[in-house]
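J.: What follows is final-v5.cif, made up of mmCIF, C-alpha atoms:
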```cif
data_target
#
loop_
_atom_site.label_atom_id
_atom_site.label_comp_id
_atom_site.auth_asym_id
_atom_site.auth_seq_id
_atom_site.Cartn_x
_atom_site.Cartn_y
_atom_site.Cartn_z
CA MET A 19 -64.95 -26.98 -14.47
CA ALA A 20 -61.18 -27.05 -14.67
CA ARG A 21 -59.31 -26.64 -11.40
CA ARG A 22 -56.90 -23.70 -11.25
CA ARG A 23 -53.44 -24.70 -10.15
CA ARG A 24 -51.21 -22.43 -8.08
CA PRO A 25 -48.01 -21.62 -9.89
CA ALA A 26 -45.26 -23.80 -8.43
CA ALA A 27 -42.57 -22.05 -6.44
CA PRO A 28 -39.14 -22.23 -8.08
CA LYS A 29 -37.29 -25.29 -6.88
CA GLY A 30 -33.64 -25.46 -5.99
CA ARG A 31 -31.13 -27.55 -7.82
CA ASP A 32 -31.11 -31.27 -7.26
CA ASP A 33 -27.49 -31.29 -6.21
CA ASP A 34 -26.21 -29.58 -3.05
CA VAL A 35 -24.03 -26.65 -4.15
CA ARG A 36 -22.60 -25.96 -0.71
CA PRO A 37 -19.53 -28.22 -1.02
CA ILE A 38 -18.70 -26.52 -4.32
CA ALA A 39 -19.22 -23.10 -2.70
CA ALA A 40 -16.91 -24.15 0.14
CA LEU A 41 -14.31 -25.23 -2.39
CA GLY A 42 -14.66 -21.92 -4.23
CA THR A 43 -14.28 -20.01 -0.96
CA PHE A 44 -11.19 -22.03 -0.08
CA GLY A 45 -9.76 -21.28 -3.52
CA VAL A 46 -10.38 -17.52 -3.32
CA THR A 47 -8.99 -17.27 0.23
CA SER A 48 -5.95 -19.35 -0.72
CA MET A 49 -5.23 -17.13 -3.70
CA ILE A 50 -5.37 -14.01 -1.53
CA LEU A 51 -3.12 -15.65 1.08
CA MET A 52 -0.62 -16.66 -1.60
CA ALA A 53 -0.58 -13.11 -2.95
CA VAL A 54 0.09 -11.87 0.60
CA MET A 55 2.98 -14.34 0.97
CA LEU A 56 4.48 -13.12 -2.29
CA LEU A 57 4.11 -9.47 -1.31
CA ALA A 58 5.31 -9.82 2.27
CA PRO A 59 6.38 -13.26 3.52
CA VAL A 60 5.43 -14.25 7.04
CA VAL A 61 8.05 -13.41 9.65
CA LYS A 62 8.46 -16.01 12.37
CA VAL A 63 8.05 -14.29 15.72
CA GLY A 64 9.03 -15.94 18.99
CA PRO A 65 11.71 -16.32 21.65
CA SER A 66 13.56 -19.15 19.91
CA GLU A 67 16.93 -18.54 18.32
CA GLY A 68 16.57 -17.32 14.74
CA GLU A 69 13.10 -15.89 15.32
CA LEU A 70 12.19 -12.22 15.54
CA ALA A 71 11.84 -11.33 19.22
CA PRO A 72 8.23 -10.67 20.24
CA ASP A 73 7.67 -6.94 20.30
CA PHE A 74 5.91 -5.17 23.13
CA SER A 75 5.08 -1.67 24.23
CA ALA A 76 4.87 -0.80 27.90
CA GLN A 77 5.77 1.77 30.49
CA ALA A 78 9.46 2.02 31.26
CA TYR A 79 11.45 3.45 34.15
CA SER A 80 14.89 4.82 33.46
CA GLY A 81 15.61 6.63 36.69
CA GLY A 82 13.53 9.77 36.52
CA GLU A 83 9.99 9.00 35.58
CA TRP A 84 7.98 6.39 33.74
CA GLY A 85 7.59 6.76 29.99
CA ASP A 86 6.52 4.90 26.85
CA PHE A 87 8.77 2.17 25.59
CA ARG A 88 8.60 -0.12 22.59
CA LEU A 89 11.12 -2.91 22.20
CA SER A 90 11.24 -2.72 18.39
CA ASP A 91 12.36 0.92 18.61
CA LEU A 92 15.74 -0.55 19.61
CA PHE A 93 15.95 -2.72 16.48
CA ASN A 94 18.18 -1.73 13.59
CA LYS A 95 16.53 -3.61 10.71
CA SER A 96 19.31 -2.80 8.29
CA TRP A 97 21.92 -4.41 10.52
CA ALA A 98 24.15 -7.05 8.93
CA PRO A 99 26.54 -9.42 10.77
CA GLY A 100 29.72 -7.55 11.58
CA GLY A 101 28.01 -4.20 11.20
CA ASP A 102 27.39 -1.49 13.75
CA GLY A 103 24.45 -1.61 16.09
CA ASP A 104 23.69 -2.40 19.69
CA TRP A 105 22.90 -5.97 20.69
CA ILE A 106 20.09 -6.26 23.20
CA VAL A 107 19.80 -8.26 26.41
CA VAL A 108 16.20 -8.77 27.47
CA GLN A 109 16.06 -9.97 31.04
CA TYR A 110 12.88 -11.03 32.83
CA ILE A 111 12.77 -10.83 36.61
CA ASP A 112 10.35 -10.80 39.51
CA THR A 113 11.51 -8.41 42.25
CA ASP A 114 10.44 -10.97 44.86
CA CYS A 115 12.33 -13.89 43.35
CA PRO A 116 15.53 -14.75 45.28
CA TYR A 117 17.38 -15.90 42.13
CA CYS A 118 16.61 -12.55 40.47
CA TRP A 119 17.82 -10.82 43.59
CA ASN A 120 21.15 -12.65 43.36
CA GLU A 121 21.39 -12.06 39.62
CA GLY A 122 21.46 -8.32 40.30
CA GLU A 123 25.19 -8.65 40.87
CA LEU A 124 25.84 -10.55 37.63
CA MET A 125 23.77 -8.05 35.64
CA SER A 126 25.77 -5.18 37.12
CA GLN A 127 28.99 -6.89 36.03
CA LEU A 128 27.71 -7.67 32.54
CA HIS A 129 26.46 -4.14 32.08
CA SER A 130 29.72 -2.57 33.15
CA GLN A 131 31.59 -4.84 30.73
CA TRP A 132 29.25 -4.68 27.73
CA ASN A 133 27.29 -1.43 27.93
CA LYS A 134 29.05 0.05 24.89
CA GLU A 135 27.89 -2.77 22.60
CA VAL A 136 24.76 -3.97 24.33
CA THR A 137 21.52 -2.31 25.42
CA PHE A 138 20.08 -3.87 28.54
CA VAL A 139 16.33 -4.10 29.14
CA THR A 140 14.86 -5.64 32.27
CA VAL A 141 11.20 -6.62 32.19
CA VAL A 142 9.61 -7.00 35.60
CA VAL A 143 6.78 -9.49 35.96
CA GLU A 144 4.87 -10.64 39.02
CA LEU A 145 4.81 -14.42 39.31
CA GLY A 146 1.65 -15.95 40.69
CA ILE A 147 3.34 -17.09 43.89
CA GLN A 148 2.22 -16.24 47.40
CA GLY A 149 4.16 -13.27 48.76
CA HIS A 150 5.21 -12.11 45.28
CA ASP A 151 3.35 -8.82 45.32
CA SER A 152 5.14 -6.10 43.45
CA SER A 153 4.48 -2.51 42.53
CA ARG A 154 6.07 0.27 40.55
CA GLY A 155 7.59 1.60 43.77
CA GLU A 156 9.25 -1.77 44.35
CA VAL A 157 10.47 -1.89 40.73
CA GLU A 158 12.04 1.56 41.12
CA ALA A 159 13.66 0.60 44.40
CA PHE A 160 14.98 -2.71 43.04
CA ARG A 161 16.54 -0.93 40.06
CA ASP A 162 17.91 2.05 42.00
CA LYS A 163 18.86 0.03 45.10
CA THR A 164 17.00 2.45 47.34
CA PRO A 165 15.38 1.70 50.71
CA TYR A 166 12.07 -0.12 50.25
CA ASP A 167 10.79 -3.09 52.19
CA GLY A 168 9.39 -5.80 49.98
CA CYS A 169 12.05 -6.91 47.52
CA LYS A 170 12.75 -10.67 47.70
CA THR A 171 9.42 -10.85 49.57
CA ASN A 172 10.55 -9.14 52.76
CA SER A 173 14.03 -7.71 52.21
CA ASN A 174 15.08 -4.14 51.78
CA CYS A 175 15.71 -3.32 48.12
CA ALA A 176 18.75 -1.26 49.14
CA ASP A 177 20.48 -4.52 50.12
CA ARG A 178 20.21 -6.06 46.64
CA PRO A 179 23.53 -7.47 45.40
CA GLY A 180 25.27 -5.44 42.71
CA ASN A 181 25.21 -1.77 41.92
CA PRO A 182 22.22 0.43 41.15
CA HIS A 183 21.17 -0.46 37.60
CA SER A 184 21.27 2.35 35.08
CA TRP A 185 19.31 0.68 32.30
CA ILE A 186 15.60 0.58 31.51
CA TYR A 187 13.18 -1.38 33.66
CA ILE A 188 9.80 -2.27 32.13
CA ASP A 189 6.56 -2.62 34.04
CA ASP A 190 4.97 -5.90 32.98
CA LEU A 191 3.45 -6.70 36.35
CA ASN A 192 0.28 -7.75 34.53
CA ALA A 193 2.37 -10.28 32.57
CA ARG A 194 1.13 -9.17 29.15
CA THR A 195 4.37 -10.04 27.39
CA SER A 196 5.35 -13.23 29.18
CA GLY A 197 3.08 -15.39 27.02
CA ASP A 198 4.67 -14.25 23.76
CA TRP A 199 8.09 -14.77 25.31
CA GLU A 200 7.12 -18.24 26.59
CA LEU A 201 8.64 -17.27 29.90
CA PRO A 202 9.83 -20.45 31.65
CA GLY A 203 10.31 -18.68 35.01
CA THR A 204 12.54 -15.97 36.40
CA PRO A 205 15.24 -14.93 36.00
CA PHE A 206 15.36 -15.40 32.25
CA ALA A 207 17.56 -13.50 29.81
CA ALA A 208 17.89 -13.69 26.05
CA LEU A 209 20.36 -11.99 23.75
CA LEU A 210 19.07 -10.33 20.59
CA GLN A 211 21.00 -9.26 17.54
CA PRO A 212 20.73 -5.54 16.73
CA ASP A 213 18.02 -6.38 14.13
CA GLY A 214 15.85 -8.00 16.80
CA ILE A 215 16.52 -11.64 15.89
CA VAL A 216 17.01 -13.86 18.93
CA ALA A 217 20.66 -14.92 18.95
CA TRP A 218 20.82 -16.78 22.26
CA ASN A 219 18.15 -18.32 24.42
CA PRO A 220 19.19 -20.26 27.52
CA GLN A 221 16.31 -22.66 26.88
CA GLN A 222 18.14 -24.00 23.82
CA PRO A 223 21.39 -25.32 25.34
CA GLY A 224 21.82 -27.79 22.50
CA ASN A 225 22.72 -24.87 20.24
CA HIS A 226 25.45 -23.59 22.55
CA PRO A 227 28.84 -24.71 23.84
CA ASP A 228 28.46 -26.82 26.99
CA GLY A 229 27.45 -24.86 30.08
CA GLU A 230 27.41 -21.51 28.32
CA GLU A 231 25.70 -18.74 30.22
CA MET A 232 24.92 -15.12 29.29
CA GLY A 233 28.49 -13.91 29.90
CA GLY A 234 29.90 -16.57 27.60
CA ALA A 235 27.25 -15.90 24.99
CA LEU A 236 28.09 -12.21 24.97
CA GLN A 237 31.79 -13.03 24.61
CA ARG A 238 31.15 -15.50 21.79
CA LEU A 239 28.52 -13.55 19.85
CA VAL A 240 29.30 -9.89 20.53
CA GLY A 241 33.01 -10.26 21.35
CA GLY A 242 35.51 -7.44 21.19
CA SER A 243 35.22 -6.32 24.79
CA MET B 6 -1.74 10.13 2.48
CA ALA B 7 -2.05 9.91 -1.29
CA LEU B 8 -4.69 7.66 -2.78
CA ASP B 9 -2.51 4.80 -3.96
CA ALA B 10 -3.57 2.11 -6.44
CA PRO B 11 -4.65 -0.65 -4.02
CA LEU B 12 -6.73 1.79 -2.00
CA MET B 13 -8.41 3.08 -5.16
CA ILE B 14 -9.19 -0.50 -6.22
CA PHE B 15 -10.76 -1.24 -2.84
CA ILE B 16 -12.80 1.96 -2.93
CA ALA B 17 -13.94 1.08 -6.45
CA GLY B 18 -14.98 -2.34 -5.12
CA LEU B 19 -17.05 -0.71 -2.39
CA ALA B 20 -18.66 1.56 -5.00
CA ILE B 21 -19.53 -1.40 -7.25
CA ALA B 22 -21.01 -3.31 -4.31
CA SER B 23 -23.10 -0.25 -3.37
CA ALA B 24 -24.25 0.11 -6.98
CA PHE B 25 -25.44 -3.53 -6.95
CA ALA B 26 -27.38 -2.83 -3.76
CA LEU B 27 -29.03 0.28 -5.26
CA GLN B 28 -29.89 -1.68 -8.39
CA ALA B 29 -31.39 -4.45 -6.27
CA ARG B 30 -33.67 -2.02 -4.44
CA SER B 31 -35.22 -0.90 -7.70
CA LYS B 32 -35.90 -4.43 -8.93
CA ASP B 33 -38.54 -6.90 -7.83
CA GLY B 34 -38.31 -10.64 -7.72
CA GLU B 35 -35.40 -12.83 -8.63
CA ASP B 36 -33.42 -10.14 -10.45
CA GLY B 37 -33.44 -7.87 -7.42
CA THR B 38 -32.53 -10.71 -5.09
CA ARG B 39 -29.66 -11.76 -7.33
CA ALA B 40 -28.35 -8.17 -7.46
CA MET B 41 -28.49 -7.99 -3.65
CA ILE B 42 -26.55 -11.24 -3.35
CA ASP B 43 -23.99 -9.86 -5.83
CA SER B 44 -23.71 -6.77 -3.66
CA GLY B 45 -22.99 -8.83 -0.54
CA LEU B 46 -20.56 -11.04 -2.46
CA THR B 47 -18.66 -7.99 -3.71
CA PHE B 48 -18.53 -6.51 -0.21
CA SER B 49 -17.12 -9.78 1.13
CA VAL B 50 -14.50 -9.97 -1.65
CA VAL B 51 -13.39 -6.40 -0.87
CA GLY B 52 -13.28 -7.38 2.80
CA LEU B 53 -11.16 -10.42 1.99
CA MET B 54 -8.73 -8.41 -0.13
CA SER B 55 -8.39 -5.52 2.30
CA SER B 56 -7.84 -7.94 5.21
CA GLY B 57 -5.15 -9.68 3.16
CA TRP B 58 -3.57 -6.32 2.44
CA THR B 59 -3.47 -5.36 6.12
CA TYR B 60 -1.86 -8.74 6.87
CA ALA B 61 0.78 -8.03 4.19
CA ILE B 62 1.44 -4.62 5.78
CA HIS B 63 1.76 -6.35 9.18
CA ASN B 64 4.35 -8.79 7.76
CA SER B 65 6.37 -6.09 6.02
CA LEU B 66 6.37 -3.94 9.18
CA LEU B 67 7.73 -6.90 11.14
CA ASP B 68 10.34 -7.65 8.52
CA SER B 69 11.77 -4.22 7.88
CA GLY B 70 10.26 -1.94 10.50
CA GLU B 71 8.47 0.03 7.80
CA SER B 72 6.15 -0.64 4.88
CA SER B 73 5.89 0.88 1.45
CA MET B 74 2.29 -0.36 1.32
CA CYS B 75 0.93 2.38 3.55
CA ALA B 76 2.02 5.63 5.14
CA SER B 77 3.49 5.43 8.62
CA GLU B 78 3.06 9.05 9.68
CA GLY B 79 0.18 11.46 9.96
CA LEU B 80 -3.46 11.05 10.94
CA VAL B 81 -4.32 8.69 8.06
CA GLN B 82 -1.74 5.91 8.26
CA CYS B 83 -1.23 2.24 9.01
CA GLY B 84 2.15 2.08 10.76
CA SER B 85 0.94 3.00 14.22
CA VAL B 86 -2.23 0.93 13.91
CA ILE B 87 -1.21 -2.28 12.14
CA GLY B 88 2.32 -2.07 13.56
CA ASP B 89 1.16 -1.82 17.16
CA PRO B 90 2.17 -5.09 18.87
CA GLU B 91 -0.27 -4.57 21.69
CA TRP B 92 -3.42 -3.92 19.68
CA ASN B 93 -2.96 -5.59 16.31
CA ASN B 94 -3.88 -9.05 17.47
CA LEU B 95 -6.78 -11.07 18.74
CA PHE B 96 -5.37 -13.69 21.12
CA GLY B 97 -2.06 -13.44 19.28
CA ILE B 98 -3.59 -13.68 15.78
CA PRO B 99 -3.14 -10.55 13.63
CA TRP B 100 -6.43 -8.84 12.78
CA GLY B 101 -5.66 -9.31 9.08
CA ILE B 102 -5.90 -13.10 9.49
CA THR B 103 -9.04 -12.76 11.62
CA GLY B 104 -10.56 -10.61 8.88
CA LEU B 105 -9.59 -13.11 6.18
CA LEU B 106 -11.24 -15.98 8.03
CA SER B 107 -14.35 -13.97 8.88
CA PHE B 108 -14.91 -12.66 5.37
CA SER B 109 -14.31 -16.17 4.04
CA LEU B 110 -17.32 -17.32 6.04
CA LEU B 111 -19.46 -14.44 4.75
CA PHE B 112 -18.28 -15.12 1.19
CA PHE B 113 -19.18 -18.81 1.52
CA LEU B 114 -22.69 -18.04 2.75
CA PHE B 115 -23.44 -15.64 -0.08
CA LEU B 116 -21.70 -17.74 -2.73
CA SER B 117 -23.90 -20.69 -1.72
CA LEU B 118 -26.99 -18.49 -2.04
CA ARG B 119 -25.78 -17.16 -5.40
CA MET B 120 -25.27 -20.69 -6.71
CA ASP B 121 -28.72 -21.89 -5.63
CA MET B 122 -31.17 -19.19 -4.61
CA HIS B 123 -34.05 -21.65 -4.30
CA ALA B 124 -32.44 -24.28 -2.15
CA LYS B 125 -34.23 -25.47 0.97
CA TRP B 126 -31.47 -24.03 3.12
CA ALA B 127 -31.59 -20.57 1.45
CA GLU B 128 -33.71 -19.07 4.22
CA SER B 129 -31.46 -20.34 7.00
CA PHE B 130 -28.39 -19.08 5.10
CA THR B 131 -29.86 -15.58 4.90
CA THR B 132 -30.36 -15.73 8.68
CA TYR B 133 -26.82 -17.03 9.26
CA SER B 134 -25.44 -14.24 7.05
CA LEU B 135 -27.28 -11.61 9.05
CA LEU B 136 -26.14 -13.09 12.36
CA ALA B 137 -22.54 -13.41 11.17
CA GLY B 138 -22.59 -9.79 10.02
CA PHE B 139 -23.98 -8.65 13.37
CA ALA B 140 -21.33 -10.70 15.19
CA GLY B 141 -18.62 -8.71 13.41
CA LEU B 142 -20.01 -5.30 14.35
CA PRO B 143 -18.70 -5.15 17.95
CA PHE B 144 -15.21 -5.93 16.64
CA VAL B 145 -15.46 -3.08 14.13
CA VAL B 146 -16.56 -0.69 16.87
CA PHE B 147 -13.72 -1.92 19.10
CA LEU B 148 -11.11 -1.50 16.35
CA ILE B 149 -12.27 2.03 15.53
CA PHE B 150 -12.06 2.84 19.24
CA VAL B 151 -8.51 1.44 19.30
CA GLU B 152 -7.48 3.46 16.23
CA LEU B 153 -8.86 6.67 17.62
CA THR B 154 -7.80 6.39 21.23
CA GLN B 155 -5.42 3.54 22.07
CA VAL B 156 -2.59 3.18 19.56
CA GLU B 157 0.66 5.08 19.88
CA GLY B 158 0.12 8.71 18.88
CA ALA B 159 -3.68 8.27 18.61
CA PRO B 160 -5.88 9.28 16.93
CA HIS B 161 -5.03 7.54 13.68
CA ILE B 162 -7.15 6.22 10.84
CA CYS B 163 -5.88 3.20 8.94
CA PRO B 164 -7.46 3.46 5.45
CA PHE B 165 -7.25 -0.24 4.61
CA CYS B 166 -8.73 -1.17 7.98
CA THR B 167 -11.54 1.30 7.27
CA VAL B 168 -12.20 -0.38 3.91
CA ALA B 169 -12.57 -3.72 5.74
CA HIS B 170 -14.91 -2.13 8.30
CA LEU B 171 -17.05 -0.58 5.54
CA SER B 172 -17.13 -3.93 3.76
CA LEU B 173 -18.63 -5.55 6.83
CA VAL B 174 -21.21 -2.79 7.24
CA GLY B 175 -22.11 -3.08 3.54
CA PHE B 176 -22.38 -6.85 3.80
CA LEU B 177 -24.61 -6.53 6.84
CA ALA B 178 -26.91 -4.13 4.96
CA ALA B 179 -27.11 -6.57 2.04
CA ALA B 180 -27.81 -9.50 4.37
CA HIS B 181 -30.52 -7.49 6.13
CA ALA B 182 -32.15 -6.57 2.82
CA LEU B 183 -32.00 -10.17 1.64
CA ARG B 184 -33.65 -11.45 4.76
CA GLY B 185 -36.35 -8.81 4.32
CA ARG B 186 -36.94 -10.01 0.76
CA LYS B 187 -37.19 -13.60 1.92
CA GLN B 188 -39.66 -12.82 4.66
CA SER B 189 -41.84 -10.51 2.59
CA GLY B 190 -42.14 -12.95 -0.32
CA MET B 191 -40.09 -10.76 -2.69
CA TRP B 192 -37.34 -13.34 -3.01
CA ALA B 193 -38.38 -14.63 -6.46
#
```
Translate the structure of the given file into structure tokens.
T.:
Amino acid sequence: MARRRRPAAPKGRDDDVRPIAALGTFGVTSMILMAVMLLAPVVKVGPSEGELAPDFSAQAYSGGEWGDFRLSDLFNKSWAPGGDGDWIVVQYIDTDCPYCWNEGELMSQLHSQWNKEVTFVTVVVELGIQGHDSSRGEVEAFRDKTPYDGCKTNSNCADRPGNPHSWIYIDDLNARTSGDWELPGTPFAALLQPDGIVAWNPQQPGNHPDGEEMGGALQRLVGGS
Amino acid sequence: MALDAPLMIFIAGLAIASAFALQARSKDGEDGTRAMIDSGLTFSVVGLMSSGWTYAIHNSLLDSGESSMCASEGLVQCGSVIGDPEWNNLFGIPWGITGLLSFSLLFFLFLSLRMDMHAKWAESFTTYSLLAGFAGLPFVVFLIFVELTQVEGAPHICPFCTVAHLSLVGFLAAAHALRGRKQSGMWA
């Protein structure tokens, strides 16, 4: 009696197709990426000079109450060198940092000199240092120079050098933007062209005349004041 | 928002992928399995393309502040969703790039199966496909939540993001059906 044989299950190919499939996947993905680059080239975003400043949206205080703010709303993308448009100073501070406290005076001077050509934005972060506990109340008091104990750790905000500041203060106490801005410490201030491209970053002194600070950068790049 | 050409192409892709899946359900054996793999492959290609498109929109929004690739006002739009600096990133990487990489993985798994349905690793690849599809679901739910509640001026619906989300759901359904075929002996 002949033995009945079970039909053999289909067998796979002798060669392993997975490397070829991986190559095919790489090819398809690369083609799509190339098409994307042709349609809309990648824009370099970062705090370095020549890069588009990292955008952020946060709550802002401009004297009355807190409201929505988005940095890129200040950008004029059609700006060309020599054209109209406000330059932007983005300053990072911690209301408990003594250097930021002292810089209040310089910022008042710069603002009074440049406020027609430059929009000032101060972003307030809270550094992870003992005693550096901030709050929106402290941010308001630091900006407005109103009585509040706690600025510069244990000073009264009303004693801050300089005048009350009339520009926007941003609440970034949770430090959500400082990573994108590669914040080296506080105070830190960068100057942006009206189209949002970083024009001056103090961390790149090799690109600037010797010893240039924000005032000199404004004079050199914005001029006319 | 008007149905522009890229969106119509993506929707057509989703329809073709769904047609493959329906065809697969009505067929037994190898033909049905192959049709189901084709369905998943098509879903992953649509996912790849729509992710690439959202990345292109992201780049053009950065470059010029607006994009001709998608509307920037109204309920159905991309500007407030893809252009939102706070939400359109996963650890600093735009969601378009994340989508491209994720759908590449899904495409690789199904392309391998398509090239050799009877390989020894076919069963484990069906499992990996299902797990990878499931892994993407929480992100889809999160992104829909962001669109509807978190972005500036919410709610908004980004049509190209929705195509990518539907692609993942379609792929997951195909992967689930394939695994069912493998386990029930209907593979070939």
J.: List the neighbours of Ala180 in chain B out to 9 Å using all atoms listed in the file; skip same-chain residues closer than 2 positions along the sequence, and give me the result as a ChimeraX atom specification.
T.: /B:41-42,45,115,131-132,134-136,138,175-178,182-185
J.: Just say which residues the PyMOL selection byres ((chain B) within 8 of (chain A)) picks in this file, as a PyMOL selection string.
T.: chain B and resi 53-54+57-58+60-62+64-65+67-70+90-91+105+109+112-113+116-117+120-125+193
J.: Specify as a list in words each residue included when the PyMOL selection byres ((chain B and resi 80) around 6) is applied to this file.
T.: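 Those residues are Gly79, Val81 and His161 of chain B.
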J.: CA of Phe160 in chain A and CA of Gln109 in chain A, how far apart in Å?
T.: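 Separation of CA of Gln109 in chain A and CA of Phe160 in chain A: 14.1 Å.
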J.: Could you jot down the CA of Leu95 in chain B to CA of Leu210 in chain A separation for me, Å, one decimal place?
T.: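 So the two atoms, CA of Leu95 in chain B and CA of Leu210 in chain A, lie 25.9 Å apart.
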J.: Could you work out an axis-aligned box for range 88-99 of chain B, taking every atom the file lists and adding 3 Å on each side, and report centre and edge lengths in Å to one decimal, as lines of an AutoDock Vina configuration file?
T.:
```
center_x = -2.2
center_y = -7.8
center_z = 17.6
size_x = 15.1
size_y = 17.9
size_z = 14.1
```
